[in-house]
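J.: What follows is work.pdb, made up of PDB, C-alpha atoms:
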MODEL        1
ATOM      1  CA  MET A 153     -24.712   2.779 -57.904
ATOM      2  CA  ASN A 154     -24.105   2.481 -54.147
ATOM      3  CA  GLU A 155     -20.728   2.794 -52.383
ATOM      4  CA  ALA A 156     -20.087  -0.965 -52.345
ATOM      5  CA  GLU A 157     -20.760  -1.225 -56.086
ATOM      6  CA  LYS A 158     -18.482   1.749 -56.778
ATOM      7  CA  LEU A 159     -15.742   0.168 -54.679
ATOM      8  CA  ALA A 160     -16.111  -3.135 -56.545
ATOM      9  CA  GLU A 161     -15.866  -1.473 -59.961
ATOM     10  CA  ARG A 162     -12.830   0.568 -58.919
ATOM     11  CA  TYR A 163     -11.201  -2.545 -57.438
ATOM     12  CA  VAL A 164     -11.608  -4.610 -60.604
ATOM     13  CA  ALA A 165     -10.476  -1.651 -62.724
ATOM     14  CA  VAL A 166      -7.126  -1.466 -60.913
ATOM     15  CA  TRP A 167      -6.317  -5.088 -61.883
ATOM     16  CA  ASN A 168      -7.140  -4.251 -65.524
ATOM     17  CA  GLU A 169      -5.291  -0.899 -65.585
ATOM     18  CA  THR A 170      -2.539  -0.697 -68.208
ATOM     19  CA  ASP A 171      -1.017   2.625 -67.116
ATOM     20  CA  PRO A 172       1.403   2.130 -64.169
ATOM     21  CA  GLN A 173       0.898   5.686 -62.848
ATOM     22  CA  ILE A 174      -2.890   5.406 -62.860
ATOM     23  CA  ARG A 175      -2.602   1.943 -61.249
ATOM     24  CA  ARG A 176      -0.390   3.369 -58.485
ATOM     25  CA  GLU A 177      -2.803   6.263 -57.847
ATOM     26  CA  SER A 178      -5.782   3.918 -57.862
ATOM     27  CA  ILE A 179      -4.166   1.645 -55.275
ATOM     28  CA  ALA A 180      -3.595   4.621 -52.968
ATOM     29  CA  ALA A 181      -7.231   5.666 -53.418
ATOM     30  CA  LEU A 182      -8.659   2.175 -52.831
ATOM     31  CA  TRP A 183      -6.696   0.958 -49.819
ATOM     32  CA  ALA A 184      -6.017   2.569 -46.475
ATOM     33  CA  PRO A 185      -2.255   3.107 -45.979
ATOM     34  CA  GLU A 186      -2.114   0.114 -43.616
ATOM     35  CA  GLY A 187      -4.362  -1.971 -45.887
ATOM     36  CA  VAL A 188      -3.548  -5.636 -46.338
ATOM     37  CA  HIS A 189      -4.373  -8.166 -49.068
ATOM     38  CA  TYR A 190      -4.461 -11.906 -48.386
ATOM     39  CA  VAL A 191      -4.515 -14.569 -51.085
ATOM     40  CA  GLY A 192      -3.648 -18.184 -50.322
ATOM     41  CA  SER A 193      -0.638 -18.097 -48.014
ATOM     42  CA  ARG A 194       0.457 -14.633 -49.240
ATOM     43  CA  GLU A 195       0.098 -11.475 -47.176
ATOM     44  CA  VAL A 196       0.694  -8.173 -48.935
ATOM     45  CA  GLN A 197       0.630  -4.932 -46.939
ATOM     46  CA  GLY A 198       1.211  -1.311 -47.892
ATOM     47  CA  PHE A 199       0.995   0.550 -51.183
ATOM     48  CA  ASP A 200       4.359  -0.591 -52.586
ATOM     49  CA  ALA A 201       3.682  -4.276 -51.926
ATOM     50  CA  LEU A 202       0.129  -3.972 -53.249
ATOM     51  CA  GLU A 203       1.464  -2.346 -56.408
ATOM     52  CA  GLN A 204       3.916  -5.226 -56.932
ATOM     53  CA  ARG A 205       1.172  -7.813 -56.377
ATOM     54  CA  ILE A 206      -1.325  -6.146 -58.708
ATOM     55  CA  THR A 207       1.264  -5.371 -61.390
ATOM     56  CA  GLY A 208       2.408  -9.005 -61.371
ATOM     57  CA  SER A 209      -1.155 -10.237 -61.774
ATOM     58  CA  HIS A 210      -1.851  -7.669 -64.483
ATOM     59  CA  GLU A 211       1.229  -8.662 -66.459
ATOM     60  CA  LYS A 212       0.444 -12.387 -66.199
ATOM     61  CA  ASN A 213      -3.320 -12.335 -66.690
ATOM     62  CA  VAL A 214      -4.193  -9.173 -68.611
ATOM     63  CA  ARG A 215      -1.141  -8.082 -70.598
ATOM     64  CA  ASP A 216       0.276 -11.506 -71.443
ATOM     65  CA  GLY A 217      -2.791 -13.694 -70.879
ATOM     66  CA  GLY A 218      -5.257 -11.651 -72.898
ATOM     67  CA  HIS A 219      -7.859 -11.566 -70.127
ATOM     68  CA  ARG A 220      -9.701  -8.919 -68.164
ATOM     69  CA  PHE A 221     -11.534  -8.882 -64.863
ATOM     70  CA  ARG A 222     -15.151  -7.881 -64.307
ATOM     71  CA  VAL A 223     -17.544  -7.731 -61.359
ATOM     72  CA  SER A 224     -20.298 -10.341 -61.278
ATOM     73  CA  ALA A 225     -21.973  -9.601 -57.895
ATOM     74  CA  VAL A 226     -21.613  -7.254 -54.916
ATOM     75  CA  HIS A 227     -23.021  -7.586 -51.392
ATOM     76  CA  ALA A 228     -22.444  -5.297 -48.418
ATOM     77  CA  LEU A 229     -23.217  -5.420 -44.717
ATOM     78  CA  GLN A 230     -21.896  -2.856 -42.245
ATOM     79  CA  ASP A 231     -18.140  -2.566 -42.881
ATOM     80  CA  ALA A 232     -17.918  -5.752 -44.983
ATOM     81  CA  VAL A 233     -18.166  -5.938 -48.771
ATOM     82  CA  MET A 234     -18.187  -9.160 -50.780
ATOM     83  CA  VAL A 235     -17.342  -8.976 -54.476
ATOM     84  CA  ASP A 236     -17.629 -11.877 -56.888
ATOM     85  CA  TRP A 237     -15.612 -11.481 -60.071
ATOM     86  CA  HIS A 238     -14.835 -13.257 -63.305
ATOM     87  CA  MET A 239     -11.670 -13.273 -65.352
ATOM     88  CA  VAL A 240     -12.785 -13.403 -68.958
ATOM     89  CA  SER A 241     -11.113 -13.818 -72.310
ATOM     90  CA  SER A 242     -10.728 -10.412 -73.951
ATOM     91  CA  THR A 243     -11.671 -11.798 -77.346
ATOM     92  CA  GLU A 244     -14.468 -14.275 -76.608
ATOM     93  CA  ASP A 245     -15.820 -12.973 -73.282
ATOM     94  CA  ALA A 246     -15.667 -16.565 -71.982
ATOM     95  CA  VAL A 247     -15.180 -16.973 -68.221
ATOM     96  CA  VAL A 248     -11.787 -18.568 -67.526
ATOM     97  CA  ALA A 249     -11.614 -18.026 -63.747
ATOM     98  CA  THR A 250     -13.820 -16.860 -60.895
ATOM     99  CA  GLY A 251     -13.063 -15.412 -57.515
ATOM    100  CA  ARG A 252     -14.421 -13.654 -54.477
ATOM    101  CA  GLU A 253     -13.090 -10.751 -52.470
ATOM    102  CA  VAL A 254     -14.178 -10.054 -48.922
ATOM    103  CA  PHE A 255     -13.265  -6.540 -47.836
ATOM    104  CA  ILE A 256     -13.323  -4.884 -44.463
ATOM    105  CA  VAL A 257     -13.505  -1.152 -45.134
ATOM    106  CA  ASP A 258     -12.969   1.953 -43.065
ATOM    107  CA  THR A 259     -15.460   4.819 -42.685
ATOM    108  CA  ASN A 260     -14.170   6.347 -45.930
ATOM    109  CA  HIS A 261     -14.828   3.093 -47.846
ATOM    110  CA  ARG A 262     -11.105   2.381 -48.198
ATOM    111  CA  ILE A 263      -9.974  -1.216 -47.911
ATOM    112  CA  LEU A 264      -8.419  -2.196 -44.582
ATOM    113  CA  ILE A 265      -8.431  -5.942 -45.252
ATOM    114  CA  ASP A 266      -8.875  -7.734 -48.580
ATOM    115  CA  TYR A 267      -9.342 -11.505 -48.476
ATOM    116  CA  GLN A 268      -9.094 -12.969 -51.988
ATOM    117  CA  PHE A 269     -10.469 -16.403 -52.780
ATOM    118  CA  ILE A 270      -9.847 -17.977 -56.175
ATOM    119  CA  VAL A 271     -12.966 -20.082 -56.672
ATOM    120  CA  GLY A 272     -12.404 -21.678 -60.030
TER     121      GLY A 272
ENDMDL
END
As structure tokens, how would this structure be written, given the file I've shared?

T.:
Amino acid sequence: MNEAEKLAERYVAVWNETDPQIRRESIAALWAPEGVHYVGSREVQGFDALEQRITGSHEKNVRDGGHRFRVSAVHALQDAVMVDWHMVSSTEDAVVATGREVFIVDTNHRILIDYQFIVG
């Protein structure tokens, strides 16, 4: 598994993580301290704001919604990584939503910028 694939798996895992402490530690390991996440008109920057964003999504989609996220494709070029993902039903494995992340990463493969696109 290359660095981009490892990053993608770790990224998806943080959205599925049930333990708040592990989620917090994973966020700090994935993003650079000044890292920013964009989705729609929302801009989320810094570890605390990222934790709130991810926890809210986890509670809505994973804990209460009975879904989980998984990687479907990864592409990398220079300092850019594109990750396609699916949100699937935990019981039937049926795809209920799809999305794409476009990351700009630093030299340590930590996320500087995360553009999230909800595709369907």

J.: Name all residues at most 10 Å from segment 246-249 of chain A (count all atoms listed in the file; drop same-chain ones fewer than 6 positions away) and give them as a list of chain:residue names.

T.: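 The neighbour list is A:His219, A:Arg220, A:Phe221, A:Arg222, A:Trp237, A:His238, A:Met239, A:Val240, A:Ile270, A:Val271, A:Gly272.
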
J.: Hey, can you check how far atom CA of His261 of chain A sits from atom CA of Gly208 of chain A?

T.: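 About the pair atom CA of His261 of chain A and atom CA of Gly208 of chain A: they are 25.0 Å apart.
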
J.: Quick one: residues within 10 Å of segment 182-190 of chain A, all atoms listed in the file counted, chain neighbours fewer than 4 positions away excluded, as a ChimeraX atom specification?

T.: /A:159-160,162-163,166,177-178,194-199,201-202,205,253-258,260-269

J.: Any chance you could export the current selection's C-alpha atoms as a tab-separated table (two decimals), in the coordinates of the input?

T.:
chain	number	residue	atom	x	y	z
A	159	LEU	CA	-15.74	0.17	-54.68
A	160	ALA	CA	-16.11	-3.14	-56.54
A	162	ARG	CA	-12.83	0.57	-58.92
A	163	TYR	CA	-11.20	-2.54	-57.44
A	166	VAL	CA	-7.13	-1.47	-60.91
A	177	GLU	CA	-2.80	6.26	-57.85
A	178	SER	CA	-5.78	3.92	-57.86
A	194	ARG	CA	0.46	-14.63	-49.24
A	195	GLU	CA	0.10	-11.48	-47.18
A	196	VAL	CA	0.69	-8.17	-48.94
A	197	GLN	CA	0.63	-4.93	-46.94
A	198	GLY	CA	1.21	-1.31	-47.89
A	199	PHE	CA	1.00	0.55	-51.18
A	201	ALA	CA	3.68	-4.28	-51.93
A	202	LEU	CA	0.13	-3.97	-53.25
A	205	ARG	CA	1.17	-7.81	-56.38
A	253	GLU	CA	-13.09	-10.75	-52.47
A	254	VAL	CA	-14.18	-10.05	-48.92
A	255	PHE	CA	-13.26	-6.54	-47.84
A	256	ILE	CA	-13.32	-4.88	-44.46
A	257	VAL	CA	-13.50	-1.15	-45.13
A	258	ASP	CA	-12.97	1.95	-43.06
A	260	ASN	CA	-14.17	6.35	-45.93
A	261	HIS	CA	-14.83	3.09	-47.85
A	262	ARG	CA	-11.10	2.38	-48.20
A	263	ILE	CA	-9.97	-1.22	-47.91
A	264	LEU	CA	-8.42	-2.20	-44.58
A	265	ILE	CA	-8.43	-5.94	-45.25
A	266	ASP	CA	-8.88	-7.73	-48.58
A	267	TYR	CA	-9.34	-11.50	-48.48
A	268	GLN	CA	-9.09	-12.97	-51.99
A	269	PHE	CA	-10.47	-16.40	-52.78

J.: Extract, using all atoms listed in the file, all DNA, RNA and protein residues at most 12 Å from Thr207 of chain A, discarding same-chain residues fewer than 5 positions from it, and format them as a ChimeraX atom specification.

T.: /A:166-176,179,199-202,212-216

J.: Using atom CA of Ala165 of chain A and atom CA of Val223 of chain A as the two end points, give the distance in Å to one decimal.

T.: 9.4 Å

J.: With 4 Å on each side, where is the centre of the axis-aligned box around all listed atoms of segment 219-234 of chain A, and how long are its edges in Å to one decimal, as JSON?

T.:
{"center_x": -15.5, "center_y": -7.1, "center_z": -56.2, "size_x": 23.4, "size_y": 17.0, "size_z": 35.9}

J.: As an exercise, work out the distance from atom CA of Arg252 of chain A to atom CA of Glu203 of chain A in Å and give it to one decimal place.

T.: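 The value is 19.6 Å.
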